[in-house]
Each structure stands twice: as structure tokens, then as C-alpha cells.
>>> print(open('upload-v3.txt').read())   # compact mmCIF, C-alpha atoms and all ligand atoms
# COMPACT_ATOMS: atom_id res chain seq x y z
CA MET V 1 0.00 0.00 0.00
CA ASN V 2 1.32 3.46 -0.73
CA ILE V 3 0.26 7.09 -0.49
CA ASP V 4 0.78 9.68 -3.20
CA LEU V 5 -0.33 13.30 -3.49
CA ILE V 6 -1.41 15.48 -6.41
CA ILE V 7 -0.75 19.18 -5.78
CA SER V 8 -3.65 20.79 -7.65
CA ALA V 9 -6.77 20.10 -9.71
CA ASP V 10 -4.79 20.99 -12.85
CA ASP V 11 -2.22 18.29 -12.07
CA ILE V 12 -4.64 15.36 -11.96
CA LYS V 13 -3.77 12.62 -14.43
CA LYS V 14 -6.09 9.65 -14.94
CA GLU V 15 -3.34 7.10 -14.23
CA LYS V 16 -2.50 8.82 -10.94
CA VAL V 17 -5.97 8.19 -9.50
CA LYS V 18 -7.02 5.01 -11.32
CA ASP V 19 -8.11 2.20 -8.98
CA LYS V 20 -6.89 4.07 -5.88
CA THR V 21 -8.69 5.58 -2.94
CA ALA V 22 -8.67 9.31 -3.69
CA VAL V 23 -9.02 11.73 -0.78
CA VAL V 24 -10.06 15.10 -2.19
CA ILE V 25 -8.93 18.07 -0.13
CA ASP V 26 -10.02 21.71 -0.29
CA MET V 27 -9.86 22.67 3.35
CA LEU V 28 -10.39 26.39 2.54
CA ARG V 29 -13.23 25.85 1.97
CA ALA V 30 -15.14 23.55 -0.42
CA THR V 31 -14.56 20.19 1.24
CA SER V 32 -15.12 21.75 4.69
CA VAL V 33 -18.49 23.02 3.39
CA ILE V 34 -19.54 19.62 2.00
CA ILE V 35 -18.57 17.79 5.20
CA THR V 36 -20.35 20.36 7.38
CA ALA V 37 -23.55 20.37 5.29
CA LEU V 38 -23.85 16.57 5.30
CA SER V 39 -23.06 16.41 8.98
CA ASN V 40 -25.88 18.89 9.59
CA GLY V 41 -28.47 16.74 7.85
CA CYS V 42 -28.23 17.77 4.21
CA SER V 43 -29.33 14.65 2.32
CA GLU V 44 -26.85 14.75 -0.58
CA VAL V 45 -24.46 17.02 -2.43
CA ASN V 46 -24.12 17.45 -6.16
CA ALA V 47 -20.80 19.09 -7.08
CA VAL V 48 -21.00 20.75 -10.49
CA LEU V 49 -18.52 22.67 -12.59
CA SER V 50 -20.64 25.58 -13.75
CA VAL V 51 -23.20 28.02 -12.39
CA ASP V 52 -25.54 27.27 -15.33
CA GLU V 53 -25.47 23.56 -14.54
CA ALA V 54 -26.35 24.31 -10.89
CA PHE V 55 -29.40 26.38 -11.88
CA LYS V 56 -30.48 23.75 -14.43
CA ILE V 57 -30.43 20.87 -11.91
CA CYS V 58 -32.59 22.62 -9.32
CA LYS V 59 -35.08 24.03 -11.85
CA SER V 60 -37.57 21.14 -11.58
CA ASP V 61 -37.92 21.49 -7.81
CA ARG V 62 -36.24 24.56 -6.35
CA SER V 63 -37.70 24.04 -2.85
CA LYS V 64 -35.86 20.74 -2.32
CA HIS V 65 -32.50 22.21 -3.32
CA ILE V 66 -30.07 24.73 -1.94
CA LEU V 67 -27.42 26.35 -4.08
CA GLY V 68 -24.01 27.08 -2.61
CA GLY V 69 -20.47 27.90 -3.63
CA GLU V 70 -18.36 30.76 -4.84
CA ARG V 71 -16.59 32.58 -7.58
CA LYS V 72 -13.58 34.63 -6.47
CA ALA V 73 -14.46 33.45 -2.91
CA LEU V 74 -17.76 35.39 -3.05
CA LYS V 75 -21.40 34.25 -3.12
CA ILE V 76 -22.80 33.71 -6.61
CA ASP V 77 -25.80 35.83 -7.70
CA GLY V 78 -29.05 33.91 -7.20
CA PHE V 79 -27.44 31.33 -4.88
CA ASP V 80 -28.64 30.65 -1.33
CA PHE V 81 -25.26 30.33 0.33
CA SER V 82 -21.69 31.39 -0.17
CA ASN V 83 -18.76 29.03 0.40
CA SER V 84 -18.71 29.65 4.13
CA PRO V 85 -19.14 26.38 6.08
CA LEU V 86 -20.67 28.35 8.95
CA GLU V 87 -23.75 29.15 6.86
CA TYR V 88 -24.65 25.48 6.45
CA THR V 89 -26.47 25.06 9.77
CA LYS V 90 -28.89 22.25 10.67
CA GLU V 91 -31.85 24.65 10.45
CA LYS V 92 -30.96 25.66 6.92
CA VAL V 93 -29.71 22.45 5.31
CA SER V 94 -31.52 19.59 7.01
CA GLY V 95 -33.33 17.42 4.43
CA LYS V 96 -32.16 19.56 1.49
CA LYS V 97 -30.07 18.61 -1.51
CA LEU V 98 -27.06 20.89 -1.92
CA ILE V 99 -25.81 21.80 -5.37
CA ILE V 100 -22.34 23.31 -5.06
CA THR V 101 -19.95 24.87 -7.54
CA THR V 102 -16.57 26.30 -6.54
CA THR V 103 -13.45 27.40 -8.37
CA ASN V 104 -11.11 24.57 -7.40
CA GLY V 105 -12.79 22.09 -5.08
CA THR V 106 -15.51 20.83 -7.38
CA ARG V 107 -12.95 20.47 -10.20
CA ALA V 108 -10.78 18.30 -7.97
CA ILE V 109 -13.76 16.07 -7.11
CA LYS V 110 -14.76 15.61 -10.75
CA GLY V 111 -11.12 15.14 -11.77
CA SER V 112 -10.86 12.20 -9.38
CA ILE V 113 -13.43 10.14 -11.30
CA GLY V 114 -11.71 6.85 -12.18
CA ALA V 115 -10.50 6.29 -8.63
CA LYS V 116 -11.95 3.23 -6.88
CA ASN V 117 -13.29 5.35 -4.02
CA ILE V 118 -13.49 9.12 -3.75
CA LEU V 119 -13.51 10.46 -0.20
CA ILE V 120 -14.08 14.05 0.86
CA GLY V 121 -11.51 15.16 3.42
CA ALA V 122 -10.52 18.22 5.41
CA VAL V 123 -8.96 19.00 8.76
CA ILE V 124 -12.39 18.95 10.42
CA ASN V 125 -12.88 15.23 9.60
CA GLY V 126 -9.17 14.33 9.36
CA LEU V 127 -9.11 11.34 11.68
CA ALA V 128 -12.30 9.84 10.26
CA ALA V 129 -10.97 10.31 6.71
CA ALA V 130 -7.69 8.61 7.69
CA LYS V 131 -9.52 5.61 9.15
CA LYS V 132 -11.81 5.27 6.15
CA ALA V 133 -9.01 5.64 3.58
CA ALA V 134 -6.87 3.04 5.41
CA SER V 135 -9.82 0.66 5.74
CA TYR V 136 -10.27 0.33 1.97
CA GLY V 137 -6.82 -1.26 1.64
CA ASN V 138 -6.03 0.31 -1.76
CA ASP V 139 -3.21 2.67 -2.62
CA ILE V 140 -4.25 6.17 -1.56
CA VAL V 141 -3.85 9.44 -3.43
CA PHE V 142 -4.51 12.83 -1.87
CA VAL V 143 -5.99 15.09 -4.52
CA ASN V 144 -5.32 18.64 -3.42
CA SER V 145 -7.57 21.18 -5.08
CA GLY V 146 -4.89 23.86 -4.92
CA THR V 147 -5.59 27.42 -5.97
CA ASP V 148 -6.22 28.18 -9.63
CA GLY V 149 -4.06 25.29 -10.77
CA ARG V 150 -1.26 26.04 -8.35
CA PHE V 151 0.09 24.31 -5.27
CA SER V 152 -1.48 25.59 -2.07
CA ILE V 153 -0.07 25.40 1.45
CA ASP V 154 -3.46 24.88 3.11
CA ASP V 155 -4.39 21.72 1.19
CA PHE V 156 -0.82 20.40 1.48
CA ILE V 157 -0.65 20.62 5.27
CA CYS V 158 -4.19 19.26 5.58
CA SER V 159 -3.11 16.21 3.54
CA GLY V 160 0.00 15.96 5.74
CA TYR V 161 -2.22 15.88 8.81
CA ILE V 162 -4.38 13.05 7.46
CA ILE V 163 -1.31 11.11 6.26
CA ASP V 164 0.12 11.45 9.78
CA ARG V 165 -3.07 9.88 11.14
CA ILE V 166 -2.93 7.06 8.55
CA LEU V 167 0.65 6.28 9.60
CA GLU V 168 -0.57 5.84 13.19
CA ILE V 169 -2.96 3.19 11.88
CA ASN V 170 -0.45 1.56 9.49
CA PRO V 171 3.19 2.60 10.02
CA GLU V 172 4.29 0.26 7.20
CA ILE V 173 2.57 2.24 4.46
CA GLU V 174 4.96 3.67 1.86
CA LEU V 175 4.94 7.35 0.96
CA THR V 176 5.98 8.97 -2.30
CA ASP V 177 8.39 11.91 -1.86
CA VAL V 178 5.60 14.47 -2.10
CA ALA V 179 3.38 12.61 0.39
CA PHE V 180 6.38 12.24 2.73
CA THR V 181 7.03 15.98 2.52
CA ALA V 182 3.39 16.83 3.31
CA GLU V 183 3.51 14.67 6.43
CA TYR V 184 6.90 16.11 7.40
CA VAL V 185 5.60 19.68 7.05
CA TYR V 186 2.60 18.83 9.23
CA ARG V 187 4.80 17.20 11.90
CA GLN V 188 6.90 20.38 12.10
CA ASN V 189 3.75 22.58 12.16
CA LYS V 190 1.05 20.85 14.18
CA ASP V 191 -0.61 24.20 14.79
CA ILE V 192 -2.18 24.21 11.32
CA LEU V 193 -3.49 27.79 11.57
CA SER V 194 -0.01 29.28 12.10
CA PHE V 195 1.28 27.57 8.97
CA VAL V 196 -1.81 28.21 6.84
CA LYS V 197 -1.32 31.94 7.41
CA ASN V 198 1.44 31.76 4.78
CA ALA V 199 -0.96 30.57 2.09
CA HIS V 200 -1.96 32.80 -0.82
CA HIS V 201 -5.58 31.71 -0.46
CA TYR V 202 -5.52 32.47 3.27
CA LYS V 203 -4.59 36.05 2.40
CA ILE V 204 -7.61 36.28 0.08
CA VAL V 205 -10.13 35.00 2.62
CA LYS V 206 -8.51 37.12 5.34
CA LYS V 207 -8.91 40.22 3.16
CA LEU V 208 -12.61 39.39 2.82
CA GLY V 209 -12.92 39.26 6.61
CA LEU V 210 -13.56 35.50 6.67
CA ASP V 211 -11.47 34.81 9.78
CA ASP V 212 -14.28 32.80 11.38
CA ASP V 213 -14.30 30.42 8.42
CA VAL V 214 -10.56 29.86 8.68
CA ASN V 215 -10.72 29.34 12.45
CA TYR V 216 -13.43 26.73 11.89
CA CYS V 217 -11.67 24.97 9.00
CA VAL V 218 -8.45 24.39 11.00
CA LYS V 219 -10.22 22.59 13.87
CA LYS V 220 -9.09 18.98 13.95
CA ASP V 221 -11.60 16.11 14.03
CA ILE V 222 -14.73 17.98 15.06
CA ILE V 223 -16.78 15.88 12.60
CA ASP V 224 -16.59 12.14 12.20
CA ILE V 225 -18.40 11.53 8.94
CA VAL V 226 -16.60 10.91 5.64
CA PRO V 227 -18.64 11.79 2.57
CA GLU V 228 -17.99 9.83 -0.61
CA TYR V 229 -18.59 10.63 -4.26
CA ARG V 230 -20.32 7.79 -6.10
CA ASP V 231 -22.19 7.94 -9.40
CA GLY V 232 -22.39 11.71 -9.42
CA ILE V 233 -23.59 12.17 -5.84
CA ILE V 234 -21.75 12.91 -2.60
CA LYS V 235 -23.16 11.58 0.64
CA VAL V 236 -22.35 9.35 3.56
CA PHE V 237 -22.90 5.84 2.19
C1 LIG V 301 -12.49 26.63 -4.11
O1 LIG V 301 -13.10 25.58 -4.38
O2 LIG V 301 -11.85 27.23 -4.94
C2 LIG V 301 -12.47 27.20 -2.70
O3 LIG V 301 -13.20 26.46 -1.84
C3 LIG V 301 -12.56 28.69 -2.70
C4 LIG V 301 -13.10 29.34 -1.44
O4 LIG V 301 -12.45 29.38 -0.40
O5 LIG V 301 -14.21 29.85 -1.44
>>> encode(input="upload-v3.txt", output="C-alpha cells", more="lines below")
Ligand code: MLT
Amino acid sequence: MNIDLIISADDIKKEKVKDKTAVVIDMLRATSVIITALSNGCSEVNAVLSVDEAFKICKSDRSKHILGGERKALKIDGFDFSNSPLEYTKEKVSGKKLIITTTNGTRAIKGSIGAKNILIGAVINGLAAAKKAASYGNDIVFVNSGTDGRFSIDDFICSGYIIDRILEINPEIELTDVAFTAEYVYRQNKDILSFVKNAHHYKIVKKLGLDDDVNYCVKKDIIDIVPEYRDGIIKVF
């Protein structure tokens, strides 16, 4: 068994995910949103690439759906929610189907199609994601969403955190150089917030005054569900 890591949605290659367990990471903030919404009773999530597609899907029955996501980290016109996980409360999402489109996260999820299992991970469900990924027994690949096709510190250290947890379960697992480096960076920086402050995307969300989102997204293991993408839908199977 081994663990590899892909540094951004633009770097996904079919052969790098094929037949593996992919753990998709966009800790700031798409995968944190999906995990939070499902944990708060949302029935399923449909991650789509375009705003038009999102509107089209919910057209038949708008009342059953909620639309969430972002462009340039801001709420999309006509959507119900932005990409802030704190908006997805029990009262608002329980029993609803979420359609989400984001700049990087939803691309990383769709790009992982071809993997044997596609798990949705973040710091907030890190331990649960580690246990689930290890339990499948396949090679694992962390698919970091990155930022606009580039490496991003936040997703890298989040992957490092989950890899660290997997190694506690199975110390024999082999790491590629990039996966080793992610885990090494986490081990040297266990206070994830301090390290994430160096990230380009952190500076963007900080500028928008989204400190509460960041403070939430760096909390380790506050949720113990692991959503999975299967046949176009994300939910807890
Ligand atoms: C994305 O998918 O690009 C991000 O989640 C952006 C954001 O923080 O809103």
C-alpha cells in the first residue's frame, strides 16, 4: 500500500488516480463546506462545474434544493449560500439537496473520477478520513484542489495531517516523496493555523474578513463523517 499526493486540480492525471482511494482536499473551503452540510443533515451534495449547470439541476424542484459555492471566494448571484461552512447550519440544510460549484474544489472532485473510491476530506474530519481511507486497503492518493491550478499550502498541510493519522494506523505504508514531505511539514507545524497563514488563499479570505471560516476549518476532528462521491452524488454511504 502506498500514499501519493497530487498538488492541484490541474495536475490530476487519470493514471494517478485510477483504482486508488482518492481523498479530495479543499480545506479552505469547499470540502469543509460539504462535510459540514452533510453532517448537519443535508441529504446529498451534487458538485458541479458551472453556475448554469447548478441552476439547471434545481429548476424542476427549487424548494428541495439549496445552491451554494463561490466565484472569487464570493457568493454567486441567485445562490442561497456562499462558500462559508458556517452558513450550512442544521436549520438551513436539514433534508435539502445541496448543489455546489466552486473554483477549485468541485474540479478536484470531478477530476478524481476513475478512482476506486473518492472520499471528501478536510482537517475537520481528518481522523475519520484517515480511518476510512486506510480501511479500503487500496493505494491512496490525496488530490489537493490547490488554488487556480497552483500548489497551495493549506491543502498540502491538511493532507499531511491526514497522512500522519494514517501512519498511526499503518506505520508500514509507503509514501511517495511528495506525500512524505506533506507529512513532514505537518509534523513540524502541528498548529495548522499558524502555517496556513502563509498561504496565498488564506490572504484572500482574510482580506474578505472571513477569519471565522478559517478558524473553523483548521479545527481537527470535530466531525466524524466521511462523505464519498459515487455515481455523481456525494453523501455518507
Ligand atoms: C475553491 O473551491 O476554490 C475554494 O473552496 C474557494 C473558497 O475558499 O471559497
>>> residues_near_ligand(input="upload-v3.txt", ligand="ligand LIG 301 (chain V)", cutoff="9 Å", atoms="only C-alpha atoms and all ligand atoms", output="JSON, numbers by chain")
{"V": [26, 27, 28, 29, 30, 31, 32, 33, 69, 70, 71, 72, 73, 74, 75, 82, 83, 84, 101, 102, 103, 104, 105, 106, 107, 108, 145, 146, 147, 148, 201, 202, 204, 205]}
>>> closest_atom_pairs(input="upload-v3.txt", of="range 37-125 of chain V", to="range 215-218 of chain V", cutoff="9 Å", atoms="all atoms listed in the file", output="tab-separated table")
residue	atom	partner	partner_atom	distance
V:Pro85	CA	V:Cys217	CA	8.1
V:Leu86	CA	V:Tyr216	CA	8.0
V:Ala122	CA	V:Cys217	CA	7.7
V:Val123	CA	V:Val218	CA	5.9
V:Ile124	CA	V:Cys217	CA	6.2
>>> residues_around(input="upload-v3.txt", residues="range 162-176 of chain V", least_positions_apart="5", cutoff="6 Å", atoms="all atoms listed in the file", output="list in words")
Met1, Asn2, Ile3, Asp4, Gly126, Ala130 and Glu183 of chain V
>>> closest_residue(input="upload-v3.txt", among="V:Ile234, V:Val226, V:Ile99, V:Val24", to="Lys132 in chain V", atoms="all atoms listed in the file")
V:Val226
>>> closest_residue(input="upload-v3.txt", among="V:Tyr184, V:Tyr161, V:Phe79, V:Phe151", to="Ala54 in chain V", atoms="all atoms listed in the file")
V:Phe79
>>> atom_distance(input="upload-v3.txt", atom1="CA of Asn189 in chain V", atom2="CA of Asp154 in chain V")
11.8 Å
>>> closest_residue(input="upload-v3.txt", among="V:Ile118, V:Ala182, V:Lys90, V:Lys20", to="Ile233 in chain V", atoms="all atoms listed in the file")
V:Ile118
>>> closest_residue(input="upload-v3.txt", among="V:Ile57, V:Val185, V:Leu98, V:Ala9", to="Cys158 in chain V", atoms="only C-alpha atoms")
V:Val185
>>> closest_residue(input="upload-v3.txt", among="V:Phe237, V:Asp155, V:Lys116, V:Gly149", to="Tyr136 in chain V", atoms="only C-alpha atoms")
V:Lys116
>>> residues_near_point(input="upload-v3.txt", point="(-28.9, 17.9, -0.4)", cutoff="8 Å", atoms="all atoms listed in the file", output="PyMOL selection string")
chain V and resi 38+42-46+64-66+93+95-99
>>> axis_aligned_box(input="upload-v3.txt", around="range 42-53 of chain V", padding_each_side="6 Å", output="lines of an AutoDock Vina configuration file")
center_x = -23.9
center_y = 21.3
center_z = -5.6
size_x = 22.8
size_y = 25.4
size_z = 31.5
>>> closest_residue(input="upload-v3.txt", among="V:Thr89, V:Phe180, V:Ile100, V:Ile25", to="Leu49 in chain V", atoms="only C-alpha atoms")
V:Ile100
>>> residues_near_point(input="upload-v3.txt", point="(-10.0, 11.2, -1.7)", cutoff="7 Å", atoms="only C-alpha atoms", output="PDB file with C-alpha atoms, in the coordinates of the input")
ATOM      1  CA  THR V  21      -8.690   5.580  -2.940  1.00  0.00           C
ATOM      2  CA  ALA V  22      -8.670   9.310  -3.690  1.00  0.00           C
ATOM      3  CA  VAL V  23      -9.020  11.730  -0.780  1.00  0.00           C
ATOM      4  CA  VAL V  24     -10.060  15.100  -2.190  1.00  0.00           C
ATOM      5  CA  ILE V 118     -13.490   9.120  -3.750  1.00  0.00           C
ATOM      6  CA  LEU V 119     -13.510  10.460  -0.200  1.00  0.00           C
ATOM      7  CA  ILE V 120     -14.080  14.050   0.860  1.00  0.00           C
ATOM      8  CA  GLY V 121     -11.510  15.160   3.420  1.00  0.00           C
ATOM      9  CA  VAL V 141      -3.850   9.440  -3.430  1.00  0.00           C
ATOM     10  CA  PHE V 142      -4.510  12.830  -1.870  1.00  0.00           C
ATOM     11  CA  VAL V 143      -5.990  15.090  -4.520  1.00  0.00           C
TER      12      VAL V 143
END
>>> atom_distance(input="upload-v3.txt", atom1="CA of Ile113 in chain V", atom2="CA of Gly78 in chain V")
28.7 Å
>>> residues_around(input="upload-v3.txt", residues="Ile223 in chain V", least_positions_apart="4", cutoff="9 Å", atoms="all atoms listed in the file", output="mmCIF file with C-alpha atoms, keeping the file's coordinate frame")
data_model
loop_
_atom_site.group_PDB
_atom_site.id
_atom_site.type_symbol
_atom_site.label_atom_id
_atom_site.label_comp_id
_atom_site.auth_asym_id
_atom_site.auth_seq_id
_atom_site.Cartn_x
_atom_site.Cartn_y
_atom_site.Cartn_z
ATOM 1 C CA ILE V 35 -18.570 17.790 5.200
ATOM 2 C CA THR V 36 -20.350 20.360 7.380
ATOM 3 C CA SER V 39 -23.060 16.410 8.980
ATOM 4 C CA ILE V 124 -12.390 18.950 10.420
ATOM 5 C CA ASN V 125 -12.880 15.230 9.600
ATOM 6 C CA GLY V 126 -9.170 14.330 9.360
ATOM 7 C CA LEU V 127 -9.110 11.340 11.680
ATOM 8 C CA ALA V 128 -12.300 9.840 10.260
#
>>> atom_distance(input="upload-v3.txt", atom1="CA of Leu5 in chain V", atom2="CA of Ala179 in chain V")
5.4 Å
>>> decode(input="upload-v3.txt", residues="range 158-176 of chain V", atoms="N, CA, C and O atoms", output="PDB file, in the first residue's frame")
ATOM      1  N   CYS V 158      -3.016  20.064   5.214  1.00  0.00           N
ATOM      2  CA  CYS V 158      -4.191  19.256   5.578  1.00  0.00           C
ATOM      3  C   CYS V 158      -3.948  17.797   5.183  1.00  0.00           C
ATOM      4  O   CYS V 158      -4.194  16.881   5.974  1.00  0.00           O
ATOM      5  N   SER V 159      -3.431  17.584   3.975  1.00  0.00           N
ATOM      6  CA  SER V 159      -3.106  16.214   3.544  1.00  0.00           C
ATOM      7  C   SER V 159      -2.063  15.617   4.479  1.00  0.00           C
ATOM      8  O   SER V 159      -2.165  14.446   4.878  1.00  0.00           O
ATOM      9  N   GLY V 160      -1.055  16.431   4.827  1.00  0.00           N
ATOM     10  CA  GLY V 160      -0.004  15.959   5.736  1.00  0.00           C
ATOM     11  C   GLY V 160      -0.579  15.505   7.065  1.00  0.00           C
ATOM     12  O   GLY V 160      -0.157  14.495   7.636  1.00  0.00           O
ATOM     13  N   TYR V 161      -1.569  16.241   7.549  1.00  0.00           N
ATOM     14  CA  TYR V 161      -2.222  15.883   8.811  1.00  0.00           C
ATOM     15  C   TYR V 161      -2.912  14.514   8.694  1.00  0.00           C
ATOM     16  O   TYR V 161      -2.753  13.642   9.551  1.00  0.00           O
ATOM     17  N   ILE V 162      -3.650  14.319   7.607  1.00  0.00           N
ATOM     18  CA  ILE V 162      -4.381  13.045   7.457  1.00  0.00           C
ATOM     19  C   ILE V 162      -3.393  11.889   7.231  1.00  0.00           C
ATOM     20  O   ILE V 162      -3.568  10.791   7.762  1.00  0.00           O
ATOM     21  N   ILE V 163      -2.329  12.162   6.471  1.00  0.00           N
ATOM     22  CA  ILE V 163      -1.307  11.115   6.258  1.00  0.00           C
ATOM     23  C   ILE V 163      -0.692  10.718   7.609  1.00  0.00           C
ATOM     24  O   ILE V 163      -0.490   9.535   7.894  1.00  0.00           O
ATOM     25  N   ASP V 164      -0.423  11.716   8.441  1.00  0.00           N
ATOM     26  CA  ASP V 164       0.120  11.455   9.778  1.00  0.00           C
ATOM     27  C   ASP V 164      -0.799  10.514  10.558  1.00  0.00           C
ATOM     28  O   ASP V 164      -0.339   9.573  11.210  1.00  0.00           O
ATOM     29  N   ARG V 165      -2.086  10.732  10.456  1.00  0.00           N
ATOM     30  CA  ARG V 165      -3.069   9.878  11.141  1.00  0.00           C
ATOM     31  C   ARG V 165      -3.098   8.477  10.526  1.00  0.00           C
ATOM     32  O   ARG V 165      -3.269   7.487  11.230  1.00  0.00           O
ATOM     33  N   ILE V 166      -2.943   8.390   9.192  1.00  0.00           N
ATOM     34  CA  ILE V 166      -2.931   7.064   8.547  1.00  0.00           C
ATOM     35  C   ILE V 166      -1.705   6.275   9.018  1.00  0.00           C
ATOM     36  O   ILE V 166      -1.770   5.073   9.278  1.00  0.00           O
ATOM     37  N   LEU V 167      -0.579   6.968   9.158  1.00  0.00           N
ATOM     38  CA  LEU V 167       0.647   6.283   9.602  1.00  0.00           C
ATOM     39  C   LEU V 167       0.509   5.730  11.021  1.00  0.00           C
ATOM     40  O   LEU V 167       1.139   4.731  11.365  1.00  0.00           O
ATOM     41  N   GLU V 168      -0.329   6.377  11.832  1.00  0.00           N
ATOM     42  CA  GLU V 168      -0.573   5.843  13.186  1.00  0.00           C
ATOM     43  C   GLU V 168      -1.315   4.512  13.080  1.00  0.00           C
ATOM     44  O   GLU V 168      -1.118   3.618  13.886  1.00  0.00           O
ATOM     45  N   ILE V 169      -2.190   4.415  12.061  1.00  0.00           N
ATOM     46  CA  ILE V 169      -2.965   3.186  11.877  1.00  0.00           C
ATOM     47  C   ILE V 169      -2.080   2.105  11.236  1.00  0.00           C
ATOM     48  O   ILE V 169      -2.106   0.952  11.611  1.00  0.00           O
ATOM     49  N   ASN V 170      -1.297   2.508  10.224  1.00  0.00           N
ATOM     50  CA  ASN V 170      -0.453   1.559   9.493  1.00  0.00           C
ATOM     51  C   ASN V 170       0.929   2.179   9.238  1.00  0.00           C
ATOM     52  O   ASN V 170       1.147   2.831   8.219  1.00  0.00           O
ATOM     53  N   PRO V 171       1.870   1.985  10.151  1.00  0.00           N
ATOM     54  CA  PRO V 171       3.191   2.597  10.019  1.00  0.00           C
ATOM     55  C   PRO V 171       4.004   2.040   8.844  1.00  0.00           C
ATOM     56  O   PRO V 171       5.015   2.625   8.453  1.00  0.00           O
ATOM     57  N   GLU V 172       3.541   0.900   8.280  1.00  0.00           N
ATOM     58  CA  GLU V 172       4.293   0.256   7.196  1.00  0.00           C
ATOM     59  C   GLU V 172       4.027   0.888   5.832  1.00  0.00           C
ATOM     60  O   GLU V 172       4.732   0.637   4.870  1.00  0.00           O
ATOM     61  N   ILE V 173       2.992   1.702   5.749  1.00  0.00           N
ATOM     62  CA  ILE V 173       2.574   2.237   4.457  1.00  0.00           C
ATOM     63  C   ILE V 173       3.699   3.076   3.833  1.00  0.00           C
ATOM     64  O   ILE V 173       4.400   3.795   4.536  1.00  0.00           O
ATOM     65  N   GLU V 174       3.885   2.916   2.533  1.00  0.00           N
ATOM     66  CA  GLU V 174       4.963   3.669   1.865  1.00  0.00           C
ATOM     67  C   GLU V 174       4.460   5.020   1.370  1.00  0.00           C
ATOM     68  O   GLU V 174       3.314   5.122   0.944  1.00  0.00           O
ATOM     69  N   LEU V 175       5.331   6.014   1.413  1.00  0.00           N
ATOM     70  CA  LEU V 175       4.941   7.355   0.957  1.00  0.00           C
ATOM     71  C   LEU V 175       5.797   7.753  -0.243  1.00  0.00           C
ATOM     72  O   LEU V 175       7.010   7.516  -0.246  1.00  0.00           O
ATOM     73  N   THR V 176       5.177   8.373  -1.245  1.00  0.00           N
ATOM     74  CA  THR V 176       5.983   8.974  -2.303  1.00  0.00           C
ATOM     75  C   THR V 176       6.685  10.205  -1.699  1.00  0.00           C
ATOM     76  O   THR V 176       6.334  10.659  -0.604  1.00  0.00           O
TER      77      THR V 176
END
